[in-house]
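Asks: Below is target.txt; it holds compact mmCIF, C-alpha atoms.
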```
# COMPACT_ATOMS: atom_id res chain seq x y z
CA MET A 6 0.00 0.00 0.00
CA LYS A 7 1.30 3.42 -0.87
CA ASN A 8 2.46 5.48 2.06
CA LYS A 9 2.19 9.12 1.04
CA LYS A 10 3.18 11.92 3.38
CA MET A 11 3.28 15.62 2.78
CA ILE A 12 6.74 17.10 3.02
CA SER A 13 7.42 19.09 6.15
CA LEU A 14 11.12 19.68 6.17
CA GLY A 15 12.87 21.40 9.06
CA LEU A 16 14.74 24.09 7.19
CA ALA A 17 16.34 27.13 8.77
CA ALA A 18 14.67 30.43 9.52
CA ALA A 19 14.50 32.92 6.70
CA MET A 20 17.04 35.69 6.26
CA VAL A 21 17.04 39.06 4.48
CA PHE A 22 18.99 39.67 1.31
CA SER A 23 19.32 42.40 -1.29
CA LEU A 24 20.94 41.81 -4.66
CA ALA A 25 24.14 43.64 -5.40
CA ALA A 26 23.86 46.25 -8.12
CA CYS A 27 24.94 45.24 -11.61
CA GLY A 28 28.71 45.22 -11.78
CA GLU A 29 29.11 45.85 -8.05
CA LYS A 30 31.53 43.35 -6.55
CA ASP A 31 30.16 41.07 -3.84
CA GLN A 32 32.34 41.60 -0.77
CA LYS A 33 31.94 37.98 0.33
CA THR A 34 32.62 36.09 -2.92
CA GLY A 35 34.31 38.51 -5.25
CA GLY A 36 31.55 37.77 -7.75
CA THR A 37 29.21 40.16 -9.51
CA ALA A 38 25.45 40.05 -9.97
CA ASN A 39 24.03 40.63 -13.46
CA THR A 40 20.73 42.43 -12.83
CA GLU A 41 19.64 41.80 -16.44
CA VAL A 42 19.10 38.18 -15.42
CA PRO A 43 15.85 37.66 -13.47
CA THR A 44 15.78 35.53 -10.36
CA ILE A 45 13.98 32.23 -10.73
CA ASP A 46 10.96 33.36 -8.72
CA GLN A 47 10.43 36.37 -11.02
CA ILE A 48 9.82 34.22 -14.10
CA LYS A 49 6.41 33.12 -15.41
CA LEU A 50 6.97 30.00 -17.47
CA GLY A 51 5.30 29.98 -20.85
CA GLU A 52 4.67 33.72 -20.68
CA ASP A 53 8.01 35.48 -20.23
CA TYR A 54 10.86 35.58 -22.77
CA LYS A 55 8.91 33.80 -25.52
CA ASP A 56 11.04 35.52 -28.17
CA LEU A 57 14.37 34.77 -26.53
CA LYS A 58 16.81 32.90 -28.77
CA ALA A 59 19.67 30.91 -27.28
CA ASP A 60 21.57 27.63 -27.43
CA ILE A 61 22.30 26.25 -23.97
CA LYS A 62 24.34 23.26 -22.84
CA ILE A 63 23.76 21.28 -19.64
CA LEU A 64 26.48 19.16 -18.07
CA THR A 65 25.30 16.00 -16.31
CA ASN A 66 26.70 12.93 -14.60
CA ARG A 67 23.86 10.73 -15.87
CA THR A 68 25.61 9.04 -18.78
CA ASP A 69 23.02 6.26 -18.66
CA ILE A 70 19.98 8.38 -19.57
CA VAL A 71 21.43 11.47 -21.23
CA ASP A 72 20.35 10.37 -24.72
CA SER A 73 16.94 9.09 -23.69
CA VAL A 74 15.19 10.53 -20.63
CA TYR A 75 17.10 13.81 -20.49
CA LYS A 76 16.82 14.29 -24.24
CA GLY A 77 13.06 13.88 -23.81
CA TYR A 78 12.98 16.61 -21.15
CA ALA A 79 14.81 18.99 -23.48
CA GLU A 80 12.39 18.24 -26.32
CA GLU A 81 9.39 18.84 -24.08
CA PHE A 82 10.75 22.17 -22.85
CA MET A 83 11.49 23.27 -26.43
CA LYS A 84 7.80 22.89 -27.27
CA MET A 85 7.21 25.75 -24.81
CA TYR A 86 10.31 27.70 -25.90
CA PRO A 87 11.04 26.72 -29.52
CA ASN A 88 13.73 29.40 -29.91
CA ILE A 89 15.85 27.93 -27.13
CA LYS A 90 17.89 24.90 -28.11
CA VAL A 91 18.80 22.63 -25.19
CA THR A 92 21.53 20.02 -25.39
CA TYR A 93 23.08 17.77 -22.75
CA ASP A 94 26.71 16.81 -22.33
CA ALA A 95 27.32 13.71 -20.18
CA VAL A 96 30.56 13.71 -18.21
CA THR A 97 31.99 10.39 -17.01
CA ASP A 98 34.37 11.58 -14.28
CA TYR A 99 31.94 14.27 -13.26
CA GLU A 100 33.30 15.50 -9.93
CA GLU A 101 36.92 15.61 -11.03
CA SER A 102 36.14 17.07 -14.43
CA LEU A 103 33.80 19.81 -13.16
CA THR A 104 36.21 20.81 -10.42
CA LEU A 105 38.79 21.55 -13.10
CA ARG A 106 36.41 23.08 -15.64
CA LEU A 107 34.62 25.51 -13.32
CA THR A 108 37.57 27.85 -12.97
CA SER A 109 37.77 28.35 -16.74
CA GLY A 110 34.21 29.66 -16.99
CA ASP A 111 33.97 27.99 -20.40
CA TRP A 112 32.03 24.83 -19.59
CA GLY A 113 28.46 25.41 -20.68
CA ASP A 114 25.39 27.02 -19.16
CA ILE A 115 23.94 24.68 -16.52
CA CYS A 116 25.66 22.11 -14.35
CA PHE A 117 25.23 20.16 -11.16
CA ILE A 118 27.41 21.83 -8.53
CA PRO A 119 30.25 19.44 -7.66
CA SER A 120 30.67 18.59 -3.99
CA THR A 121 34.18 20.05 -4.10
CA ALA A 122 32.83 23.61 -4.52
CA ASP A 123 32.80 25.25 -1.10
CA LYS A 124 29.95 27.58 -0.23
CA GLY A 125 32.21 30.59 -0.09
CA GLU A 126 33.21 30.00 -3.71
CA LEU A 127 29.73 29.66 -5.22
CA GLY A 128 29.46 33.33 -6.16
CA ASN A 129 32.68 33.07 -8.15
CA TYR A 130 31.14 30.63 -10.61
CA PHE A 131 27.36 30.77 -10.53
CA THR A 132 24.49 33.17 -11.19
CA PRO A 133 22.38 34.11 -8.15
CA LEU A 134 19.04 32.30 -8.41
CA GLY A 135 17.35 34.49 -5.84
CA ASP A 136 17.38 35.48 -2.18
CA TYR A 137 17.15 32.86 0.55
CA GLU A 138 14.02 34.22 2.21
CA THR A 139 12.01 34.01 -1.01
CA LEU A 140 13.30 30.73 -2.43
CA ASN A 141 13.23 28.91 0.90
CA GLY A 142 9.47 29.43 0.87
CA ILE A 143 9.17 27.80 -2.57
CA TYR A 144 11.76 25.02 -2.82
CA ASN A 145 13.15 22.33 -0.56
CA PHE A 146 16.83 22.09 0.36
CA VAL A 147 17.94 25.57 -0.80
CA THR A 148 19.96 26.01 2.41
CA GLU A 149 22.59 23.64 1.05
CA LYS A 150 23.78 25.95 -1.73
CA THR A 151 23.15 29.30 -0.07
CA TYR A 152 25.90 31.69 0.92
CA ASP A 153 25.48 35.15 2.43
CA ASP A 154 21.69 34.81 2.01
CA THR A 155 22.05 34.24 -1.75
CA VAL A 156 20.91 30.97 -3.36
CA TYR A 157 23.29 29.74 -6.06
CA GLY A 158 21.94 26.24 -6.59
CA ILE A 159 18.62 24.42 -6.19
CA PRO A 160 18.78 20.63 -5.82
CA ASN A 161 17.37 18.32 -8.41
CA GLY A 162 14.95 16.97 -5.86
CA GLY A 163 15.99 15.25 -2.70
CA THR A 164 16.64 11.99 -0.98
CA ALA A 165 16.41 10.49 2.45
CA GLY A 166 19.33 8.70 4.04
CA GLY A 167 18.94 4.98 4.54
CA VAL A 168 19.85 1.57 3.15
CA ALA A 169 18.71 0.03 -0.12
CA TYR A 170 17.96 -3.67 0.17
CA ASN A 171 16.52 -6.66 -1.67
CA LYS A 172 13.36 -7.64 0.18
CA LYS A 173 13.38 -11.21 -1.14
CA VAL A 174 16.95 -11.80 0.03
CA TRP A 175 16.14 -10.54 3.51
CA ALA A 176 12.95 -12.64 3.64
CA ASP A 177 14.81 -15.74 2.45
CA ALA A 178 17.22 -15.21 5.35
CA GLY A 179 14.26 -15.38 7.73
CA ILE A 180 14.35 -11.68 8.67
CA THR A 181 10.89 -10.38 9.52
CA GLU A 182 11.65 -7.02 11.14
CA LEU A 183 13.94 -4.27 9.91
CA PRO A 184 16.96 -3.55 12.14
CA LYS A 185 17.00 -0.46 14.32
CA THR A 186 20.56 -0.58 15.69
CA PRO A 187 23.99 -1.27 14.20
CA ASP A 188 24.24 -4.61 16.00
CA GLU A 189 20.82 -5.72 14.80
CA PHE A 190 21.84 -4.78 11.26
CA LEU A 191 25.07 -6.76 11.54
CA ALA A 192 23.19 -9.76 12.93
CA ASP A 193 20.85 -9.63 9.93
CA LEU A 194 23.80 -9.49 7.54
CA LYS A 195 25.15 -12.65 9.16
CA LEU A 196 21.81 -14.39 8.60
CA ILE A 197 21.93 -13.39 4.93
CA GLN A 198 25.43 -14.82 4.68
CA GLU A 199 24.39 -18.07 6.35
CA LYS A 200 21.07 -18.69 4.64
CA THR A 201 21.40 -17.19 1.14
CA ASP A 202 23.95 -16.91 -1.65
CA ALA A 203 23.77 -13.11 -1.68
CA ILE A 204 26.53 -10.73 -0.65
CA PRO A 205 25.07 -9.28 2.58
CA LEU A 206 26.44 -5.71 2.17
CA TYR A 207 28.04 -4.43 -1.02
CA THR A 208 30.41 -1.52 -0.35
CA ASN A 209 31.14 -0.44 -3.95
CA PHE A 210 34.56 0.56 -2.64
CA SER A 211 36.13 0.73 -6.10
CA ALA A 212 33.72 3.41 -7.32
CA GLY A 213 34.95 5.80 -4.64
CA TRP A 214 32.06 8.25 -4.53
CA THR A 215 29.72 5.54 -3.27
CA MET A 216 31.81 5.24 -0.10
CA GLY A 217 31.33 8.94 0.57
CA ALA A 218 27.63 8.22 1.15
CA TRP A 219 28.45 6.93 4.64
CA ASN A 220 29.39 10.47 5.69
CA ASP A 221 25.79 11.55 5.10
CA TYR A 222 24.63 9.58 8.14
CA VAL A 223 26.87 11.38 10.65
CA GLY A 224 24.27 14.08 11.16
CA ILE A 225 20.56 13.50 11.72
CA ALA A 226 20.53 9.72 11.19
CA SER A 227 23.14 9.17 13.89
CA ASN A 228 21.70 11.48 16.56
CA GLY A 229 18.27 12.80 15.53
CA ASP A 230 19.37 16.42 15.82
CA PRO A 231 18.92 18.72 12.79
CA ASP A 232 21.24 21.26 14.45
CA TYR A 233 24.14 18.80 14.75
CA LYS A 234 25.92 18.82 11.39
CA ASN A 235 26.15 22.54 10.62
CA ASN A 236 26.40 23.81 14.19
CA LYS A 237 27.09 21.46 17.11
CA LEU A 238 29.55 19.21 15.28
CA LEU A 239 31.72 22.21 14.43
CA HIS A 240 32.10 23.09 18.12
CA ALA A 241 32.17 19.54 19.52
CA LYS A 242 35.12 18.07 21.37
CA ASP A 243 36.21 14.68 19.95
CA PRO A 244 32.97 14.02 18.02
CA PHE A 245 34.10 10.60 16.77
CA THR A 246 34.28 9.07 20.24
CA LYS A 247 32.12 6.02 21.04
CA ASN A 248 29.12 6.52 23.33
CA GLU A 249 27.11 4.05 25.39
CA GLU A 250 24.03 4.17 23.15
CA ASN A 251 26.06 3.26 20.05
CA SER A 252 24.82 6.34 18.25
CA GLY A 253 26.53 9.40 16.79
CA PRO A 254 29.31 9.46 14.18
CA TYR A 255 31.21 6.55 15.76
CA ALA A 256 28.21 4.24 15.28
CA VAL A 257 28.06 4.98 11.56
CA TYR A 258 31.63 3.88 10.92
CA TYR A 259 31.32 1.02 13.44
CA THR A 260 28.62 -0.44 11.20
CA LEU A 261 30.93 -0.43 8.19
CA TYR A 262 34.03 -1.52 10.10
CA GLU A 263 32.37 -4.53 11.68
CA ALA A 264 30.69 -5.61 8.44
CA VAL A 265 34.05 -5.64 6.67
CA LYS A 266 35.86 -7.24 9.63
CA GLU A 267 33.27 -10.06 9.76
CA LYS A 268 33.56 -10.55 5.97
CA LEU A 269 29.95 -9.62 5.34
CA VAL A 270 30.87 -7.63 2.23
CA GLU A 271 32.13 -8.47 -1.27
CA GLU A 272 35.23 -10.67 -1.27
CA ASP A 273 37.42 -8.12 -3.04
CA PRO A 274 36.10 -4.56 -2.52
CA ALA A 275 38.83 -3.16 -4.78
CA SER A 276 37.29 -4.96 -7.77
CA SER A 277 33.68 -3.96 -7.07
CA ASP A 278 31.75 -2.30 -9.89
CA TRP A 279 28.98 0.26 -9.58
CA GLU A 280 27.15 -0.36 -12.84
CA SER A 281 27.01 -4.14 -12.45
CA SER A 282 26.01 -3.81 -8.78
CA LYS A 283 22.68 -2.29 -9.84
CA ALA A 284 21.77 -5.50 -11.65
CA MET A 285 23.14 -7.62 -8.81
CA ILE A 286 20.90 -6.09 -6.15
CA ASN A 287 17.96 -6.21 -8.55
CA ASN A 288 18.36 -9.95 -9.15
CA GLY A 289 19.18 -10.90 -5.57
CA GLU A 290 22.95 -11.31 -5.69
CA ILE A 291 23.33 -8.42 -3.23
CA GLY A 292 21.39 -8.03 0.00
CA SER A 293 21.95 -4.34 0.77
CA MET A 294 23.84 -1.15 -0.11
CA VAL A 295 24.27 2.05 1.88
CA LEU A 296 23.24 4.85 -0.46
CA GLY A 297 20.71 7.69 -0.58
CA SER A 298 17.15 6.93 -1.65
CA TRP A 299 17.91 8.28 -5.12
CA CYS A 300 19.31 4.83 -5.95
CA VAL A 301 16.02 2.96 -5.49
CA GLN A 302 14.52 3.85 -8.86
CA GLN A 303 17.76 3.04 -10.66
CA PHE A 304 17.82 -0.41 -9.06
CA LYS A 305 14.18 -1.01 -9.96
CA ASP A 306 14.63 0.10 -13.55
CA ILE A 307 17.36 -2.46 -14.29
CA ASP A 308 14.70 -5.19 -14.52
CA PRO A 309 11.10 -4.15 -13.82
CA ALA A 310 10.22 -7.81 -13.24
CA ASN A 311 12.14 -7.62 -9.95
CA ALA A 312 11.25 -4.02 -9.09
CA ASP A 313 9.00 -4.94 -6.18
CA ASN A 314 11.94 -6.67 -4.47
CA ILE A 315 13.81 -3.40 -4.03
CA GLY A 316 13.15 -1.72 -0.71
CA TYR A 317 14.61 1.12 1.31
CA MET A 318 15.02 1.10 5.09
CA PRO A 319 16.10 3.79 7.58
CA PHE A 320 19.74 3.70 8.62
CA PRO A 321 19.90 1.41 11.67
CA ILE A 322 20.61 3.79 14.54
CA THR A 323 18.12 4.56 17.31
CA VAL A 324 18.40 7.53 19.69
CA ASN A 325 16.17 7.69 22.76
CA GLY A 326 13.96 5.00 21.27
CA LYS A 327 13.45 6.82 17.96
CA GLN A 328 14.88 6.60 14.47
CA SER A 329 15.46 9.71 12.37
CA ALA A 330 16.49 10.21 8.76
CA ALA A 331 18.09 13.14 7.04
CA SER A 332 16.45 14.47 3.94
CA GLY A 333 18.75 16.44 1.72
CA GLY A 334 19.12 17.64 -1.81
CA ASN A 335 20.53 15.76 -4.75
CA TYR A 336 23.00 17.52 -7.00
CA ALA A 337 21.96 21.17 -7.33
CA TYR A 338 21.34 22.93 -10.64
CA ALA A 339 23.44 26.03 -11.11
CA ILE A 340 23.91 28.52 -13.94
CA ASN A 341 27.23 29.72 -15.33
CA LYS A 342 27.69 33.40 -14.43
CA SER A 343 30.26 33.69 -17.25
CA ALA A 344 27.73 32.72 -19.92
CA ALA A 345 26.14 35.38 -22.14
CA THR A 346 23.19 37.18 -20.58
CA ASP A 347 20.66 35.59 -22.95
CA ASN A 348 22.09 32.18 -22.15
CA GLN A 349 21.79 32.82 -18.42
CA ILE A 350 18.14 33.80 -18.87
CA ALA A 351 17.44 30.76 -21.06
CA ALA A 352 19.17 28.56 -18.49
CA MET A 353 17.03 30.09 -15.73
CA LEU A 354 13.90 29.22 -17.73
CA TYR A 355 15.01 25.62 -18.20
CA VAL A 356 16.02 25.13 -14.57
CA LYS A 357 12.63 26.48 -13.46
CA TRP A 358 10.86 24.13 -15.89
CA LEU A 359 12.84 21.14 -14.63
CA LEU A 360 12.07 21.97 -11.01
CA GLU A 361 8.40 22.82 -11.40
CA GLU A 362 6.93 21.14 -14.49
CA SER A 363 9.09 18.21 -15.59
CA PRO A 364 8.32 14.60 -14.57
CA ILE A 365 11.85 14.12 -13.26
CA PHE A 366 10.86 13.52 -9.62
CA ASP A 367 8.39 10.79 -10.52
CA ASP A 368 10.87 9.29 -12.97
CA GLU A 369 13.66 9.17 -10.38
CA GLY A 370 11.56 8.50 -7.29
CA SER A 371 13.00 11.52 -5.50
CA ILE A 372 11.55 14.08 -3.12
CA PRO A 373 10.20 16.92 -5.30
CA ALA A 374 11.92 20.29 -5.32
CA LEU A 375 8.68 22.19 -4.77
CA LYS A 376 7.46 22.36 -1.20
CA GLY A 377 4.13 20.75 -0.39
CA GLU A 378 4.45 17.84 -2.82
CA GLU A 379 4.09 14.22 -1.71
CA LEU A 380 6.95 11.94 -0.74
CA PRO A 381 7.90 9.17 -3.19
CA ASP A 382 6.75 5.58 -2.70
CA SER A 383 10.37 4.56 -2.12
CA LEU A 384 10.06 5.97 1.42
CA ALA A 385 7.07 3.81 2.34
CA GLU A 386 9.07 2.00 5.03
CA PHE A 387 9.91 5.28 6.79
CA ASP A 388 6.54 5.34 8.55
CA GLY A 389 7.21 6.44 12.13
CA VAL A 390 10.68 7.72 11.25
CA GLU A 391 11.21 11.45 11.71
CA LEU A 392 12.34 12.97 8.42
CA LEU A 393 14.40 16.10 9.01
CA SER A 394 16.72 18.45 7.17
CA ASP A 395 19.89 19.99 8.55
CA ASN A 396 19.43 23.45 10.00
CA ALA A 397 21.45 26.25 8.45
CA PRO A 398 24.75 27.31 10.02
CA GLN A 399 24.74 30.32 12.28
CA LYS A 400 25.59 33.68 10.81
CA GLY A 401 29.27 33.98 10.01
CA GLU A 402 29.82 30.20 9.89
CA GLU A 403 28.27 29.47 6.51
CA SER A 404 31.42 27.81 5.15
CA LEU A 405 32.86 26.51 8.44
CA TYR A 406 31.70 22.91 7.96
CA ASP A 407 33.48 22.73 4.60
CA ASP A 408 36.52 24.50 6.01
CA ILE A 409 36.94 22.14 8.96
CA ARG A 410 36.23 18.88 7.16
CA ASN A 411 38.52 19.76 4.27
CA SER A 412 41.30 20.84 6.60
CA ALA A 413 40.91 17.73 8.75
CA GLU A 414 40.45 15.49 5.70
CA VAL A 415 37.55 13.90 7.54
CA LEU A 416 33.93 13.73 6.26
CA SER A 417 35.26 15.05 2.96
CA GLY A 418 34.39 12.54 0.27
CA ASP A 419 35.25 8.88 -0.07
CA TYR A 420 38.84 8.58 1.14
CA PRO A 421 38.26 8.90 4.90
CA VAL A 422 35.58 6.19 4.69
CA GLY A 423 37.99 4.13 2.64
CA GLU A 424 40.35 4.27 5.61
CA VAL A 425 37.70 2.56 7.73
CA LEU A 426 37.21 -0.21 5.19
CA GLU A 427 40.93 -0.77 4.70
CA ALA A 428 41.62 -0.84 8.44
CA ALA A 429 38.97 -3.52 8.92
CA LEU A 430 39.93 -5.46 5.79
CA TYR A 431 43.61 -5.72 6.62
CA GLY A 432 43.26 -5.69 10.40
CA ASN A 433 46.05 -3.13 10.75
CA LYS A 434 44.18 -0.66 12.91
CA SER A 435 41.28 -0.82 15.35
CA LEU A 436 38.28 1.42 14.83
CA ASP A 437 39.00 3.14 18.16
CA ASP A 438 42.53 3.96 17.04
CA LEU A 439 41.27 5.32 13.74
CA MET A 440 38.55 7.40 15.37
CA ASN A 441 41.10 8.81 17.82
CA GLU A 442 43.16 9.93 14.82
CA TRP A 443 40.09 11.57 13.32
CA ASN A 444 39.37 13.34 16.61
CA ALA A 445 42.91 14.71 16.64
CA LYS A 446 42.57 15.95 13.05
CA TRP A 447 39.21 17.53 13.86
CA THR A 448 40.65 19.29 16.91
CA SER A 449 43.59 20.59 14.91
CA ALA A 450 41.25 21.97 12.23
CA GLN A 451 39.04 23.60 14.86
CA GLU A 452 42.09 25.30 16.37
CA SER A 453 43.30 26.52 12.97
CA PHE A 454 39.98 28.29 12.41
CA GLY A 455 39.72 29.60 15.95
CA VAL A 456 36.60 27.59 16.76
CA GLU A 457 35.33 27.69 20.33
CA ILE A 458 34.62 24.24 21.79
CA THR A 459 31.19 24.34 23.43
CA GLU A 460 29.92 20.75 23.20
```
What does the file become when written as structure tokens?
Replies:
Amino acid sequence: MKNKKMISLGLAAAMVFSLAACGEKDQKTGGTANTEVPTIDQIKLGEDYKDLKADIKILTNRTDIVDSVYKGYAEEFMKMYPNIKVTYDAVTDYEESLTLRLTSGDWGDICFIPSTADKGELGNYFTPLGDYETLNGIYNFVTEKTYDDTVYGIPNGGTAGGVAYNKKVWADAGITELPKTPDEFLADLKLIQEKTDAIPLYTNFSAGWTMGAWNDYVGIASNGDPDYKNNKLLHAKDPFTKNEENSGPYAVYYTLYEAVKEKLVEEDPASSDWESSKAMINNGEIGSMVLGSWCVQQFKDIDPANADNIGYMPFPITVNGKQSAASGGNYAYAINKSAATDNQIAAMLYVKWLLEESPIFDDEGSIPALKGEELPDSLAEFDGVELLSDNAPQKGEESLYDDIRNSAEVLSGDYPVGEVLEAALYGNKSLDDLMNEWNAKWTSAQESFGVEITE
């Protein structure tokens, strides 16, 4: 039975913003605001700019559907705006490639903001989409790509943090209730190993970016506090230390460490393969994968005959008797501030169409960008789980999370998580030893930025 819930996401309080005058340098970013380009909320689709002529290019990481689904979106939009030609360019090594290409300014008109772009740098590369107060009332997840009260990117829908799993595999292992703690989850993985031929937990270590997904559970999923990631964590003393409840950041990496140590993962993580893993979980060769809910529709689409076997459970951590899940944005659309003015306007039209009128959220099973829309069916098993979004950082600390994690080289992409896997795989370091190292790095980074320890 479908479990539909209206979105009520705990986003931060609104702030006041005024656009810089055309050509006036932004004191925070060094960027400039082109006042000839309307903000996204000022546009009326199908009415404004009907005579505008432009050719725009969109960069995407979705090499699998760029010539089919995304091409169809472009064609549908061009029925409304026949003078605007929309083309997609799929990039294989998206994060690495975009990180290099952004600085040139000559990369196209629309992209997904790479995770390597710090908030304080957004104004150097991207066109302001509007002020935070206005857009936060219209779209979900705009906090994530906001700096100095200016929104530079709006996510392509959103996901909830949890675990994708094959329902048939778990049922064949005799599991009748979903796990709510790391130890319950590990016990279930052992049952899958004993009673089925499936790989209990597939890490996708070789892909790299898939390992970075574990970092997403350090916030709300591990402690139920929407203020933790962007505020409390930054001022916390030794945040990776184990606690009695087996919650918090330590519990997240404990789950991975123990699964690898107990050989409940693929035999050779270094030879894992992302594309083939989608078919493997679809057909029952894999029991579970830790990824955002965006993956569910991709796993289903591999073979619709097995689609009903793909489920999505909350991440197995319970705090004070309750499970929570973080809802956050996917990759965020952004517009190239170095593009010609007409191209920026055309890009703004297309981004607005994608966010408000395209079928992309149904197609991908993601949380819609517009507030007030219903949650996707993929989150049916989150009944009773509190779905929250991270609160915004306090004023003056908008980029502090990025600053500290990048300086500490912790929570910054896939490599730190890879350390956990390798330590467990080779048995050369205990999790406690590794977490103590992370605490030391975190403390050093806090000191370098003059952060007061309050937690």
Asks: Write out as an NGL selection string which residues come within 7 Å of range 206-211 of chain A when counting all atoms listed in the file, dropping same-chain ones fewer than 2 positions away.
Replies: :A and (204 or 213 or 215-216 or 269-271 or 274-279 or 291-294)
Asks: If you keep C-alpha atoms, can you produce a file of those selected residues as a PDB file, in the frame of the given file?
Replies:
```
ATOM      1  CA  ILE A 204      26.530 -10.730  -0.650  1.00  0.00           C
ATOM      2  CA  GLY A 213      34.950   5.800  -4.640  1.00  0.00           C
ATOM      3  CA  THR A 215      29.720   5.540  -3.270  1.00  0.00           C
ATOM      4  CA  MET A 216      31.810   5.240  -0.100  1.00  0.00           C
ATOM      5  CA  LEU A 269      29.950  -9.620   5.340  1.00  0.00           C
ATOM      6  CA  VAL A 270      30.870  -7.630   2.230  1.00  0.00           C
ATOM      7  CA  GLU A 271      32.130  -8.470  -1.270  1.00  0.00           C
ATOM      8  CA  PRO A 274      36.100  -4.560  -2.520  1.00  0.00           C
ATOM      9  CA  ALA A 275      38.830  -3.160  -4.780  1.00  0.00           C
ATOM     10  CA  SER A 276      37.290  -4.960  -7.770  1.00  0.00           C
ATOM     11  CA  SER A 277      33.680  -3.960  -7.070  1.00  0.00           C
ATOM     12  CA  ASP A 278      31.750  -2.300  -9.890  1.00  0.00           C
ATOM     13  CA  TRP A 279      28.980   0.260  -9.580  1.00  0.00           C
ATOM     14  CA  ILE A 291      23.330  -8.420  -3.230  1.00  0.00           C
ATOM     15  CA  GLY A 292      21.390  -8.030   0.000  1.00  0.00           C
ATOM     16  CA  SER A 293      21.950  -4.340   0.770  1.00  0.00           C
ATOM     17  CA  MET A 294      23.840  -1.150  -0.110  1.00  0.00           C
TER      18      MET A 294
END
```
Asks: In Å, how far is it from CA of Glu369 in chain A to CA of Thr155 in chain A?
Replies: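 According to the coordinates, CA of Glu369 in chain A and CA of Thr155 in chain A are separated by 27.8 Å.
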Asks: Kindly assemble as CSV a list of the range 213-308 of chain A residues that lie within 9 Å of range 434-451 of chain A, each paired with its nearest atom pair and their distance in Å to one decimal, using only C-alpha atoms, sorted first by chain and then by ascending residue number.
Replies:
```
residue,atom,partner,partner_atom,distance
A:Leu239,CA,A:Gln451,CA,7.5
A:His240,CA,A:Gln451,CA,7.7
A:Ala241,CA,A:Thr448,CA,8.9
A:Lys242,CA,A:Thr448,CA,7.2
A:Asp243,CA,A:Asn444,CA,4.8
A:Pro244,CA,A:Asn444,CA,6.6
A:Phe245,CA,A:Met440,CA,5.7
A:Thr246,CA,A:Met440,CA,6.7
A:Lys247,CA,A:Asp437,CA,8.0
A:Tyr255,CA,A:Met440,CA,7.4
A:Tyr258,CA,A:Leu436,CA,8.1
A:Tyr259,CA,A:Leu436,CA,7.1
A:Tyr262,CA,A:Leu436,CA,7.0
A:Glu263,CA,A:Leu436,CA,9.0
```
Asks: Please produce, as a tab-separated table, a per-residue contact table for range 338-416 of chain A versus range 96-112 of chain A (criterion: any atom at most 12 Å away, only C-alpha atoms considered), showing the nearest atom pair and its distance in Å to one decimal, sorted by chain then residue number.
Replies:
```
residue	atom	partner	partner_atom	distance
A:Ala339	CA	A:Leu107	CA	11.4
A:Ile340	CA	A:Trp112	CA	10.6
A:Asn341	CA	A:Gly110	CA	7.2
A:Lys342	CA	A:Gly110	CA	7.9
A:Ser343	CA	A:Gly110	CA	5.6
A:Ala344	CA	A:Gly110	CA	7.7
A:Ala345	CA	A:Asp111	CA	10.9
```
Asks: So which one's closest to Leu296 in chain A, A:Leu359, A:Ala218, A:Val156, A:Ile197? Using only C-alpha atoms, please.
Replies: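 With only C-alpha atoms as the atom set, the closest residue is A:Ala218.
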Asks: Mind checking which residues fall within 12 Å of Val147 in chain A, counting all atoms listed in the file, ignoring those fewer than 2 positions away in the same chain, and posting them as a short mmCIF file (atom, residue, chain, number, x, y, z; two decimals) with C-alpha atoms, keeping the file's coordinate frame?
Replies:
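Final output, around30.cif:
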```cif
data_model
loop_
_atom_site.label_atom_id
_atom_site.label_comp_id
_atom_site.auth_asym_id
_atom_site.auth_seq_id
_atom_site.Cartn_x
_atom_site.Cartn_y
_atom_site.Cartn_z
CA LEU A 14 11.12 19.68 6.17
CA GLY A 15 12.87 21.40 9.06
CA LEU A 16 14.74 24.09 7.19
CA ALA A 17 16.34 27.13 8.77
CA ALA A 18 14.67 30.43 9.52
CA ALA A 19 14.50 32.92 6.70
CA LEU A 134 19.04 32.30 -8.41
CA GLY A 135 17.35 34.49 -5.84
CA ASP A 136 17.38 35.48 -2.18
CA TYR A 137 17.15 32.86 0.55
CA GLU A 138 14.02 34.22 2.21
CA THR A 139 12.01 34.01 -1.01
CA LEU A 140 13.30 30.73 -2.43
CA ASN A 141 13.23 28.91 0.90
CA GLY A 142 9.47 29.43 0.87
CA ILE A 143 9.17 27.80 -2.57
CA TYR A 144 11.76 25.02 -2.82
CA ASN A 145 13.15 22.33 -0.56
CA GLU A 149 22.59 23.64 1.05
CA LYS A 150 23.78 25.95 -1.73
CA THR A 151 23.15 29.30 -0.07
CA TYR A 152 25.90 31.69 0.92
CA ASP A 154 21.69 34.81 2.01
CA THR A 155 22.05 34.24 -1.75
CA VAL A 156 20.91 30.97 -3.36
CA TYR A 157 23.29 29.74 -6.06
CA GLY A 158 21.94 26.24 -6.59
CA ILE A 159 18.62 24.42 -6.19
CA PRO A 160 18.78 20.63 -5.82
CA ASN A 161 17.37 18.32 -8.41
CA GLY A 162 14.95 16.97 -5.86
CA GLY A 163 15.99 15.25 -2.70
CA GLY A 333 18.75 16.44 1.72
CA GLY A 334 19.12 17.64 -1.81
CA ASN A 335 20.53 15.76 -4.75
CA TYR A 336 23.00 17.52 -7.00
CA ALA A 337 21.96 21.17 -7.33
CA TYR A 338 21.34 22.93 -10.64
CA ALA A 339 23.44 26.03 -11.11
CA ALA A 374 11.92 20.29 -5.32
CA LEU A 375 8.68 22.19 -4.77
CA LYS A 376 7.46 22.36 -1.20
CA SER A 394 16.72 18.45 7.17
CA ASP A 395 19.89 19.99 8.55
CA ASN A 396 19.43 23.45 10.00
CA ALA A 397 21.45 26.25 8.45
#
```
